[in-house]
Every structure is written in structure tokens, then in C-alpha cells.
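Accompanying notes for the structure given below.
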Amino acid sequence: MENIIVNAFYKLDASAKYSSFKKFTKNILENNQYKYKKYFDFCMIFLVLSTIGILIYEVNHPKLFLLDTYEYFAIVIFLFEWLGRAWVYSDVRKTVIKDYEESLFLAKEYKVSKSLKKAFKEKLDFIFSPMSIIDLLAILPAYRPIRVLRIFLLFRLFKILRYTNSLKEFLNIFIERKFELYTLAILSGVVIFFGSTIMFVYEGPQGVNDKVNHFFDAVYWSLITISTVGYGDIVPITPEGKMVTLVLIINGFLVIAFSTSIVTTALAERMEKIKKNRVENEVKKLEEFVIICTYDILAKNLAKQFIRHKRRVLIVDDNEDRIASAKDDNLLGILSDPTNMDFLKNVGVGDGASTIIALSEDDATNLSIVLGARALDSNIQIITLVNDPEVENKLKLAGADFTINSNQISAFVAGEYIGQPVAFEAVDGILLEEDKYAKVDEIEIVSGMRIIDKDINLINFEDYNLTLIGIINRSNNNEFIFNPINLKYTLKEKDILIVIGFKESLKELRNDFLTKEF
């Protein structure tokens, strides 16, 4: 019998349809990054609010068959949702297979009943979790016919916590600050009990205060007083009662001040995490974007150039002021350590990021970024700033595709300007696109272009009023071939043509590459 059960779980584990459906169910119920989850959440929120609306409507209106049918339809949906959450909470097949393989490895007798008990306990953990209990209270149809208990349908409102991240984050504040809040609650409870006791002792006896007949009345008065609500339905008469009132009022102000301070401080801290998570979630939706580590003057100019070429940019920096500056420039920015591999993975290195640029003034930091990015993605383009020329080779060995030596570049630019100032300014104007008409641009040979596997000389650049500066041969370690006209060169996919000319001409050439036979 045990072999039959184990074999059944192995067959289930090997089933692609089963695994795919369970993955889909888990994503739609729990994965906030899943693209269809927001639609599911919206539908569930609508079901919750609409069934609460039916409850409100039926207070002063007769029951309608249509609304009853809709109510039971919603209950069925809630039931399937709860069963789905129970199903994906733990995996029975993995528990059985793991225990079975461990027993084989250790040469021990295997009992499937132990594995099933373990799996059952995991399911019980889910069943008795707070949110599961709320789900059960929301789906039990027994509340409908029993009028007194129908108020428990309001537990469905708590289900909204599952579907709104903002409410969940706010709830987490109370979880994180539970020690401070527990301490404050215990202190307030002691004061309320103290005030209630004195109030009942001095004003509870018959004939003293006809509003205080039971100890509960004294507790009610104390709670209303300490919360500074003060309905006025119970008023102390004796001097002792009035003295306790003063103590409770003062303590009420302190409780409100302390609780407000605790919540606002935690909320401020939590808001930073929420903003960071929101940016990370937004980044995960991007494709072919650029990560710039550190936001200084060089990074600002670089980011402007990327935006000019319609490339999305993410700024990562561990300096709060620099991140604030990036956000002021309408850029995505995350305050974090760019040398942290887990963080780099979360923001798309190895997924949507195509390029990462390390611009720190510390070469050790740049080296850490290069090593981390290369370990996560062997194909990502890595560019790094070099502050010490002796470190340049180490950065290349670590995985940098291109290094920027700012001192050498500055010296080269200054030399060229002194030697040929007029030509330098002309070329500089074109490169910086100060010339509104001419520009230097890249044309990447992509799949589908009809020029692939054909000679470069088949393209008559003069017909387009363009000048070919060179070709970057991606298949040969990004070799740059300057002025390849009259050279026999066959274009391959991913090669890049560096061309100078008018914007309209560049657009025409791109279109012809896709539609024209050469």
C-alpha cells in the first residue's frame, strides 16, 4: 500500500500539467508580481463589497432571489479560494518524496503515515492561521438564515487585507511595533482597571450615583474618559471620582501621544521600504534598461544621453541626497548598496537589465559591482569608471567590458581642442546633438533585416546622404572597423553601423534594411 501511495506521488510530481496548474494557482493567489493577480484581487474586492452591500440592503428590504443566488455564488468563489490557498500552502507530494528518499539514503524503514501526518500538521497551521479563520467566517453560509449571526459576514471586510498591499503594509506596522504597543496597552489597562475600581467603590453603592450600577459601568466610564471621548452619559459625583477623572484624562493624553508617536515613527520607516519595493516592482517590468551605480555629475550627463536615446535608466546609490537628486530629475532611483548581489538580482541584473555602469570614485566598490553583476549575468554589458590606472586590468579580468579612465579622456579632449579647435567644436556639436539636423547614430543589424549575410558595399550610403564611419563587429570581441568602404565585409546579425547624417536619412535606411532587397 505504501509503495502505491509513493508511486502515485512520484507520478504527480512528474506531471507537467499538475505542476503548471499549481504554479498558476500560487501566482494568482500569492505572487504580487504576477501580471494577472491584480485582476483577481479587483474581482475579489468587488465580491466582498457587493455582498456587504447586499447585507446592508436587506436590513430594510425584503430578500430577493437574485441577490440570494449572487450571495451563494460569492460563497462558492470564496470557498474555492480558501481551498486553493490550503492547497498551495504546503506540498504533500514533496514531503512524501523527500522523506522516502531520505529513508532510502539512510537505509531506514519508511512509513508513509509519518509523512502524511507531517503534511497534515502543515495544513493545520494554515487552517488555524488568522487570515484562514477570517476566510472561514466569511464563507460559512450558516450566517445567512440566522439573523443574529449575520453580522459576522462583516468579517469579509478583513479579506480585503489580502488584496491590498497598502493595508497589509499598514498592518505590518503594528506587527513590527507589537512590543511597544503591548507595553502601552498593559499600562493603559492597569490605569483603566485602577480608575474603574475607585469609581465603582466610591460611586457604585446604592444611592450615590444612579448611573453606576455595575462594575462594567465603571469600566465603560474609564475607557471613554481615558480615550478623551467623554460622552457625558456617566458623570462622577464624589470628590474621589472627580480626582480619578483628572488622572484618567491626563493619562489619556499621554497614551494618545505615545501611540501616535509609535505609529508615525514606524510608518515613516515603513514608507521608505514601501517606496523601495514599489521602485523594484516597477523595474521588474522594464526590459533592456540601464543601471547606473552612483549619481554624480558624470552620471547625470550620462543619464541625459540615455534618456535622449529613449533608454530607461535606474539610479542606484547608497547616498540619500544623491538619490533625492535623481528623483528630482524624474529618474527611477533606489537607495541601496549596489555591491549587494541580492539587491542587484532584485532590480533586474540577470533579467531585464542590459547594461550596468559603475561610476564610484572608489575602485574597490566598482570592482565589487563588476564581480557581482558578472556572476549574475554572463551576457550583461558592464562599464566601469577607473580611478587608478593600475586597477584597470583587474576590472577587465573581473568582467568589465569597457573601462572609462576620466583622467585620460580629459587629457585627450584638451589636446584635441588645442590642436584643432574648429574641427573639435564641429564634431562636438554633432555628437552632443547641438546640430538639430545632423547626428551620429548607431544602426544595429537585427533579425529580419534583409542586409544580413550580404556585403557592406551593396549599400550606397551616398543615396541616403549618409556617411559610414565604421562597423562594430560583435562576433569578434566588438572589433571596430573604421571606414570599411571598399573592404569585403559581410554583415552579420548584431553588428552595429556607426553612421553620420540627417535624422530622416537614418530613419529611411533603417526601414529599407527591413523591406528592401539589396
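Within each chain, counting starts at residue 1; across the C-alpha cells, chains are named A, B, ... in the order shown, with ligands numbered 1 upward in that order.
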With the cut-off set at 12 Å and counting only C-alpha atoms, tabulate each residue of segment 282-305 of chain A with an atom at most that distance from an atom of segment 13-36 of chain A, showing the nearest atom pair and its distance in Å to one decimal, ordered by chain and increasing number, as JSON lines.
```
{"residue": "A:Glu282", "atom": "CA", "partner": "A:Gln33", "partner_atom": "CA", "distance": 9.7}
{"residue": "A:Val283", "atom": "CA", "partner": "A:Gln33", "partner_atom": "CA", "distance": 11.2}
{"residue": "A:Lys284", "atom": "CA", "partner": "A:Gln33", "partner_atom": "CA", "distance": 8.4}
{"residue": "A:Lys285", "atom": "CA", "partner": "A:Gln33", "partner_atom": "CA", "distance": 9.0}
```
Strand (DSSP E or B) residues, from DSSP on the backbone, in segment 212-440 of chain A, as a PDB file with N, CA and C atoms, in the first residue's frame:
```
ATOM      1  N   PHE A 289      16.967  47.902 -19.902  1.00  0.00           N
ATOM      2  CA  PHE A 289      17.237  49.184 -19.254  1.00  0.00           C
ATOM      3  C   PHE A 289      18.669  49.220 -18.716  1.00  0.00           C
ATOM      4  N   VAL A 290      19.090  50.414 -18.316  1.00  0.00           N
ATOM      5  CA  VAL A 290      20.469  50.647 -17.882  1.00  0.00           C
ATOM      6  C   VAL A 290      20.483  50.968 -16.393  1.00  0.00           C
ATOM      7  N   ILE A 291      21.393  50.332 -15.662  1.00  0.00           N
ATOM      8  CA  ILE A 291      21.581  50.619 -14.243  1.00  0.00           C
ATOM      9  C   ILE A 291      22.847  51.451 -14.091  1.00  0.00           C
ATOM     10  N   ILE A 292      22.715  52.612 -13.456  1.00  0.00           N
ATOM     11  CA  ILE A 292      23.874  53.463 -13.180  1.00  0.00           C
ATOM     12  C   ILE A 292      24.081  53.496 -11.672  1.00  0.00           C
ATOM     13  N   CYS A 293      25.239  53.042 -11.242  1.00  0.00           N
ATOM     14  CA  CYS A 293      25.565  52.996  -9.820  1.00  0.00           C
ATOM     15  C   CYS A 293      26.329  54.258  -9.444  1.00  0.00           C
ATOM     16  N   VAL A 313      16.439  54.304 -17.470  1.00  0.00           N
ATOM     17  CA  VAL A 313      17.611  54.340 -16.593  1.00  0.00           C
ATOM     18  C   VAL A 313      17.168  54.143 -15.143  1.00  0.00           C
ATOM     19  N   LEU A 314      17.918  53.331 -14.412  1.00  0.00           N
ATOM     20  CA  LEU A 314      17.712  53.157 -12.974  1.00  0.00           C
ATOM     21  C   LEU A 314      18.970  53.612 -12.246  1.00  0.00           C
ATOM     22  N   ILE A 315      18.807  54.513 -11.289  1.00  0.00           N
ATOM     23  CA  ILE A 315      19.927  55.008 -10.487  1.00  0.00           C
ATOM     24  C   ILE A 315      19.958  54.252  -9.161  1.00  0.00           C
ATOM     25  N   VAL A 316      21.138  53.738  -8.818  1.00  0.00           N
ATOM     26  CA  VAL A 316      21.329  53.051  -7.542  1.00  0.00           C
ATOM     27  C   VAL A 316      22.451  53.754  -6.793  1.00  0.00           C
ATOM     28  N   ASP A 317      22.170  54.159  -5.570  1.00  0.00           N
ATOM     29  CA  ASP A 317      23.182  54.857  -4.776  1.00  0.00           C
ATOM     30  C   ASP A 317      22.863  54.643  -3.302  1.00  0.00           C
ATOM     31  N   LEU A 332      14.177  57.013 -12.079  1.00  0.00           N
ATOM     32  CA  LEU A 332      13.957  55.974 -11.078  1.00  0.00           C
ATOM     33  C   LEU A 332      15.205  55.849 -10.221  1.00  0.00           C
ATOM     34  N   GLY A 333      15.033  55.885  -8.913  1.00  0.00           N
ATOM     35  CA  GLY A 333      16.188  55.791  -8.024  1.00  0.00           C
ATOM     36  C   GLY A 333      15.886  54.942  -6.814  1.00  0.00           C
ATOM     37  N   ILE A 334      16.855  54.125  -6.416  1.00  0.00           N
ATOM     38  CA  ILE A 334      16.702  53.275  -5.241  1.00  0.00           C
ATOM     39  C   ILE A 334      17.881  53.514  -4.311  1.00  0.00           C
ATOM     40  N   LEU A 335      17.570  53.772  -3.041  1.00  0.00           N
ATOM     41  CA  LEU A 335      18.601  53.952  -2.025  1.00  0.00           C
ATOM     42  C   LEU A 335      19.018  52.578  -1.513  1.00  0.00           C
ATOM     43  N   ALA A 353      17.843  43.944 -17.103  1.00  0.00           N
ATOM     44  CA  ALA A 353      18.906  44.936 -17.281  1.00  0.00           C
ATOM     45  C   ALA A 353      19.853  44.505 -18.398  1.00  0.00           C
ATOM     46  N   SER A 354      20.137  45.425 -19.318  1.00  0.00           N
ATOM     47  CA  SER A 354      21.062  45.114 -20.414  1.00  0.00           C
ATOM     48  C   SER A 354      22.462  45.646 -20.151  1.00  0.00           C
ATOM     49  N   THR A 355      22.551  46.709 -19.341  1.00  0.00           N
ATOM     50  CA  THR A 355      23.844  47.351 -19.079  1.00  0.00           C
ATOM     51  C   THR A 355      23.888  47.826 -17.642  1.00  0.00           C
ATOM     52  N   ILE A 356      25.046  47.694 -17.023  1.00  0.00           N
ATOM     53  CA  ILE A 356      25.266  48.262 -15.694  1.00  0.00           C
ATOM     54  C   ILE A 356      26.549  49.078 -15.738  1.00  0.00           C
ATOM     55  N   ILE A 357      26.476  50.282 -15.192  1.00  0.00           N
ATOM     56  CA  ILE A 357      27.610  51.213 -15.237  1.00  0.00           C
ATOM     57  C   ILE A 357      27.993  51.583 -13.814  1.00  0.00           C
ATOM     58  N   ALA A 358      29.219  51.282 -13.432  1.00  0.00           N
ATOM     59  CA  ALA A 358      29.724  51.582 -12.091  1.00  0.00           C
ATOM     60  C   ALA A 358      30.575  52.844 -12.156  1.00  0.00           C
ATOM     61  N   GLN A 381      26.168  43.855 -20.321  1.00  0.00           N
ATOM     62  CA  GLN A 381      27.276  44.762 -20.644  1.00  0.00           C
ATOM     63  C   GLN A 381      27.650  45.542 -19.390  1.00  0.00           C
ATOM     64  N   ILE A 382      28.940  45.488 -19.028  1.00  0.00           N
ATOM     65  CA  ILE A 382      29.418  46.143 -17.810  1.00  0.00           C
ATOM     66  C   ILE A 382      30.422  47.219 -18.181  1.00  0.00           C
ATOM     67  N   ILE A 383      30.140  48.441 -17.744  1.00  0.00           N
ATOM     68  CA  ILE A 383      31.034  49.577 -17.957  1.00  0.00           C
ATOM     69  C   ILE A 383      31.407  50.121 -16.588  1.00  0.00           C
ATOM     70  N   THR A 384      32.680  50.417 -16.394  1.00  0.00           N
ATOM     71  CA  THR A 384      33.106  50.891 -15.075  1.00  0.00           C
ATOM     72  C   THR A 384      34.106  52.031 -15.187  1.00  0.00           C
ATOM     73  N   LEU A 385      34.048  52.916 -14.220  1.00  0.00           N
ATOM     74  CA  LEU A 385      34.998  54.018 -14.120  1.00  0.00           C
ATOM     75  C   LEU A 385      36.290  53.511 -13.484  1.00  0.00           C
ATOM     76  N   VAL A 386      37.427  53.976 -14.017  1.00  0.00           N
ATOM     77  CA  VAL A 386      38.740  53.628 -13.464  1.00  0.00           C
ATOM     78  C   VAL A 386      39.352  54.880 -12.856  1.00  0.00           C
ATOM     79  N   PHE A 402      34.036  47.391 -20.694  1.00  0.00           N
ATOM     80  CA  PHE A 402      34.608  48.654 -21.111  1.00  0.00           C
ATOM     81  C   PHE A 402      34.948  49.465 -19.866  1.00  0.00           C
ATOM     82  N   THR A 403      36.102  50.124 -19.896  1.00  0.00           N
ATOM     83  CA  THR A 403      36.526  50.946 -18.759  1.00  0.00           C
ATOM     84  C   THR A 403      36.644  52.398 -19.190  1.00  0.00           C
ATOM     85  N   ILE A 404      36.328  53.290 -18.253  1.00  0.00           N
ATOM     86  CA  ILE A 404      36.398  54.735 -18.504  1.00  0.00           C
ATOM     87  C   ILE A 404      37.472  55.313 -17.588  1.00  0.00           C
ATOM     88  N   ASN A 405      38.533  55.817 -18.183  1.00  0.00           N
ATOM     89  CA  ASN A 405      39.572  56.499 -17.417  1.00  0.00           C
ATOM     90  C   ASN A 405      39.367  57.988 -17.607  1.00  0.00           C
ATOM     91  N   ALA A 438      21.943  67.154 -38.294  1.00  0.00           N
ATOM     92  CA  ALA A 438      22.862  66.029 -38.414  1.00  0.00           C
ATOM     93  C   ALA A 438      23.103  65.393 -37.055  1.00  0.00           C
ATOM     94  N   LYS A 439      23.333  64.067 -37.081  1.00  0.00           N
ATOM     95  CA  LYS A 439      23.625  63.361 -35.840  1.00  0.00           C
ATOM     96  C   LYS A 439      24.422  62.099 -36.142  1.00  0.00           C
ATOM     97  N   VAL A 440      25.172  61.667 -35.132  1.00  0.00           N
ATOM     98  CA  VAL A 440      25.867  60.383 -35.206  1.00  0.00           C
ATOM     99  C   VAL A 440      24.978  59.362 -34.515  1.00  0.00           C
TER     100      VAL A 440
END
```
Query raised in the report: as a PyMOL selection string, which residues of segment 184-384 of chain A does DSSP assign to alpha helix (DSSP H)?
Result: chain A and resi 184-203+215-226+239-284+297-308+320-328+341-346+363-376
Output C-alpha atoms for every residue in the selection just made, as a CSV table (one decimal), in the first residue's frame.
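Resulting contents of result.csv:
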```csv
chain,number,residue,atom,x,y,z
A,184,LEU,CA,1.4,50.8,26.2
A,185,ALA,CA,-1.8,48.6,26.2
A,186,ILE,CA,-0.8,46.9,29.5
A,187,LEU,CA,0.0,50.3,31.1
A,188,SER,CA,-3.4,51.7,29.9
A,189,GLY,CA,-5.2,48.5,31.1
A,190,VAL,CA,-3.7,48.9,34.6
A,191,VAL,CA,-4.8,52.6,34.7
A,192,ILE,CA,-8.3,51.8,33.4
A,193,PHE,CA,-8.7,49.0,36.0
A,194,PHE,CA,-7.4,51.3,38.7
A,195,GLY,CA,-9.8,54.1,37.8
A,196,SER,CA,-12.8,51.7,37.3
A,197,THR,CA,-12.2,50.1,40.8
A,198,ILE,CA,-12.1,53.5,42.5
A,199,MET,CA,-15.1,54.8,40.6
A,200,PHE,CA,-17.1,51.7,41.5
A,201,VAL,CA,-16.0,51.7,45.1
A,202,TYR,CA,-17.0,55.3,45.7
A,203,GLU,CA,-19.9,55.8,43.3
A,215,PHE,CA,-18.6,47.3,37.6
A,216,PHE,CA,-19.0,47.2,33.8
A,217,ASP,CA,-20.4,50.7,34.0
A,218,ALA,CA,-17.3,51.9,35.8
A,219,VAL,CA,-15.1,50.2,33.2
A,220,TYR,CA,-17.1,51.7,30.4
A,221,TRP,CA,-16.7,55.2,32.0
A,222,SER,CA,-13.0,54.7,32.5
A,223,LEU,CA,-12.4,53.7,28.9
A,224,ILE,CA,-14.5,56.5,27.5
A,225,THR,CA,-12.6,59.0,29.7
A,226,ILE,CA,-9.1,57.8,29.0
A,239,PRO,CA,-14.6,64.1,45.0
A,240,GLU,CA,-12.8,60.7,44.7
A,241,GLY,CA,-14.5,60.1,41.3
A,242,LYS,CA,-13.6,63.5,40.1
A,243,MET,CA,-10.0,63.0,41.1
A,244,VAL,CA,-9.8,59.8,39.2
A,245,THR,CA,-11.3,61.6,36.2
A,246,LEU,CA,-8.4,64.0,36.2
A,247,VAL,CA,-5.8,61.2,36.4
A,248,LEU,CA,-7.5,59.3,33.5
A,249,ILE,CA,-7.7,62.4,31.3
A,250,ILE,CA,-4.0,63.2,31.8
A,251,ASN,CA,-3.1,59.5,31.2
A,252,GLY,CA,-5.4,59.6,28.1
A,253,PHE,CA,-3.4,62.4,26.6
A,254,LEU,CA,-0.1,60.5,27.3
A,255,VAL,CA,-1.5,57.3,25.8
A,256,ILE,CA,-2.6,59.1,22.6
A,257,ALA,CA,0.7,61.0,22.3
A,258,PHE,CA,2.8,57.8,22.8
A,259,SER,CA,0.7,55.7,20.5
A,260,THR,CA,0.7,58.3,17.8
A,261,SER,CA,4.5,58.7,18.1
A,262,ILE,CA,5.0,54.9,17.8
A,263,VAL,CA,2.7,54.6,14.8
A,264,THR,CA,4.0,57.6,12.9
A,265,THR,CA,7.7,56.7,13.5
A,266,ALA,CA,7.0,53.1,12.3
A,267,LEU,CA,5.0,54.5,9.4
A,268,ALA,CA,7.8,56.8,8.3
A,269,GLU,CA,10.3,53.9,8.4
A,270,ARG,CA,7.9,51.6,6.6
A,271,MET,CA,7.2,54.2,3.9
A,272,GLU,CA,10.8,54.1,2.8
A,273,LYS,CA,10.6,50.3,2.4
A,274,ILE,CA,7.3,50.7,0.5
A,275,LYS,CA,8.8,53.2,-1.9
A,276,LYS,CA,11.8,51.0,-2.4
A,277,ASN,CA,9.7,47.9,-3.1
A,278,ARG,CA,7.5,50.0,-5.4
A,279,VAL,CA,10.5,51.0,-7.5
A,280,GLU,CA,11.8,47.5,-7.5
A,281,ASN,CA,8.4,46.2,-8.8
A,282,GLU,CA,8.4,48.9,-11.4
A,283,VAL,CA,11.9,48.0,-12.5
A,284,LYS,CA,11.0,44.3,-12.8
A,297,ILE,CA,27.9,64.9,-12.4
A,298,LEU,CA,29.2,62.2,-14.8
A,299,ALA,CA,26.2,60.0,-14.1
A,300,LYS,CA,23.8,63.0,-14.6
A,301,ASN,CA,25.2,63.7,-18.0
A,302,LEU,CA,25.2,60.0,-18.9
A,303,ALA,CA,21.6,59.6,-17.8
A,304,LYS,CA,20.6,62.6,-20.0
A,305,GLN,CA,22.2,60.9,-23.0
A,306,PHE,CA,20.4,57.6,-22.4
A,307,ILE,CA,17.1,59.4,-22.0
A,308,ARG,CA,17.7,61.3,-25.2
A,320,GLU,CA,20.2,59.6,0.3
A,321,ASP,CA,20.9,63.1,-1.1
A,322,ARG,CA,22.1,61.8,-4.4
A,323,ILE,CA,19.0,59.6,-4.8
A,324,ALA,CA,16.8,62.6,-4.0
A,325,SER,CA,18.6,64.5,-6.7
A,326,ALA,CA,18.0,61.7,-9.2
A,327,LYS,CA,14.3,61.7,-8.3
A,328,ASP,CA,14.2,65.4,-8.8
A,341,MET,CA,24.3,40.8,-5.1
A,342,ASP,CA,20.9,40.0,-3.8
A,343,PHE,CA,19.8,43.6,-4.4
A,344,LEU,CA,21.3,43.6,-7.9
A,345,LYS,CA,19.3,40.4,-8.7
A,346,ASN,CA,16.1,42.0,-7.4
A,363,ASP,CA,37.8,51.3,-7.4
A,364,ALA,CA,37.1,48.7,-4.8
A,365,THR,CA,33.4,49.5,-4.9
A,366,ASN,CA,33.4,49.4,-8.7
A,367,LEU,CA,35.2,46.0,-8.6
A,368,SER,CA,32.6,44.6,-6.3
A,369,ILE,CA,29.8,45.8,-8.6
A,370,VAL,CA,31.6,44.3,-11.6
A,371,LEU,CA,32.1,40.9,-9.9
A,372,GLY,CA,28.5,40.7,-8.6
A,373,ALA,CA,26.9,41.7,-12.0
A,374,ARG,CA,29.1,39.3,-14.0
A,375,ALA,CA,28.3,36.5,-11.6
A,376,LEU,CA,24.6,37.1,-12.0
```
Would you pick out the contacts of Leu458 of chain A at 10 Å or less, using only C-alpha atoms, so that residues sharing its chain but fewer than 5 positions from it are not included, and give the list as an mmCIF file with N, CA and C atoms, in the first residue's frame?
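Everything below was put into result.cif:
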```cif
data_model
loop_
_atom_site.group_PDB
_atom_site.id
_atom_site.type_symbol
_atom_site.label_atom_id
_atom_site.label_comp_id
_atom_site.auth_asym_id
_atom_site.auth_seq_id
_atom_site.Cartn_x
_atom_site.Cartn_y
_atom_site.Cartn_z
ATOM 1 N N ILE A 451 19.617 42.773 -45.065
ATOM 2 C CA ILE A 451 21.024 43.009 -45.376
ATOM 3 C C ILE A 451 21.935 41.987 -44.699
ATOM 4 N N GLU A 517 15.308 44.707 -50.851
ATOM 5 C CA GLU A 517 16.303 43.700 -51.208
ATOM 6 C C GLU A 517 17.569 44.403 -51.684
ATOM 7 N N PHE A 518 18.716 43.965 -51.161
ATOM 8 C CA PHE A 518 19.994 44.562 -51.559
ATOM 9 C C PHE A 518 20.766 43.586 -52.441
#
```
Query raised in the report: What does the distance between atom CA of Asn213 of chain A and atom CA of Thr238 of chain A come to in Å, to one decimal place?
Result: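 Interatomic distance here is 15.1 Å.
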Query - For Glu287 of chain A, the nearest of the candidates A:Val235, A:Asp351, A:Leu106, A:Leu83, counting only C-alpha atoms - result: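 Nearest candidate to Glu287 of chain A out of A:Val235, A:Asp351, A:Leu106, A:Leu83: A:Asp351.
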**Report entry** Proximity to Asp512 of chain A - best of A:Ile485, A:Glu180, A:Gly448, A:Ile498, only C-alpha atoms
**Finding:**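 Closest candidate: A:Gly448.
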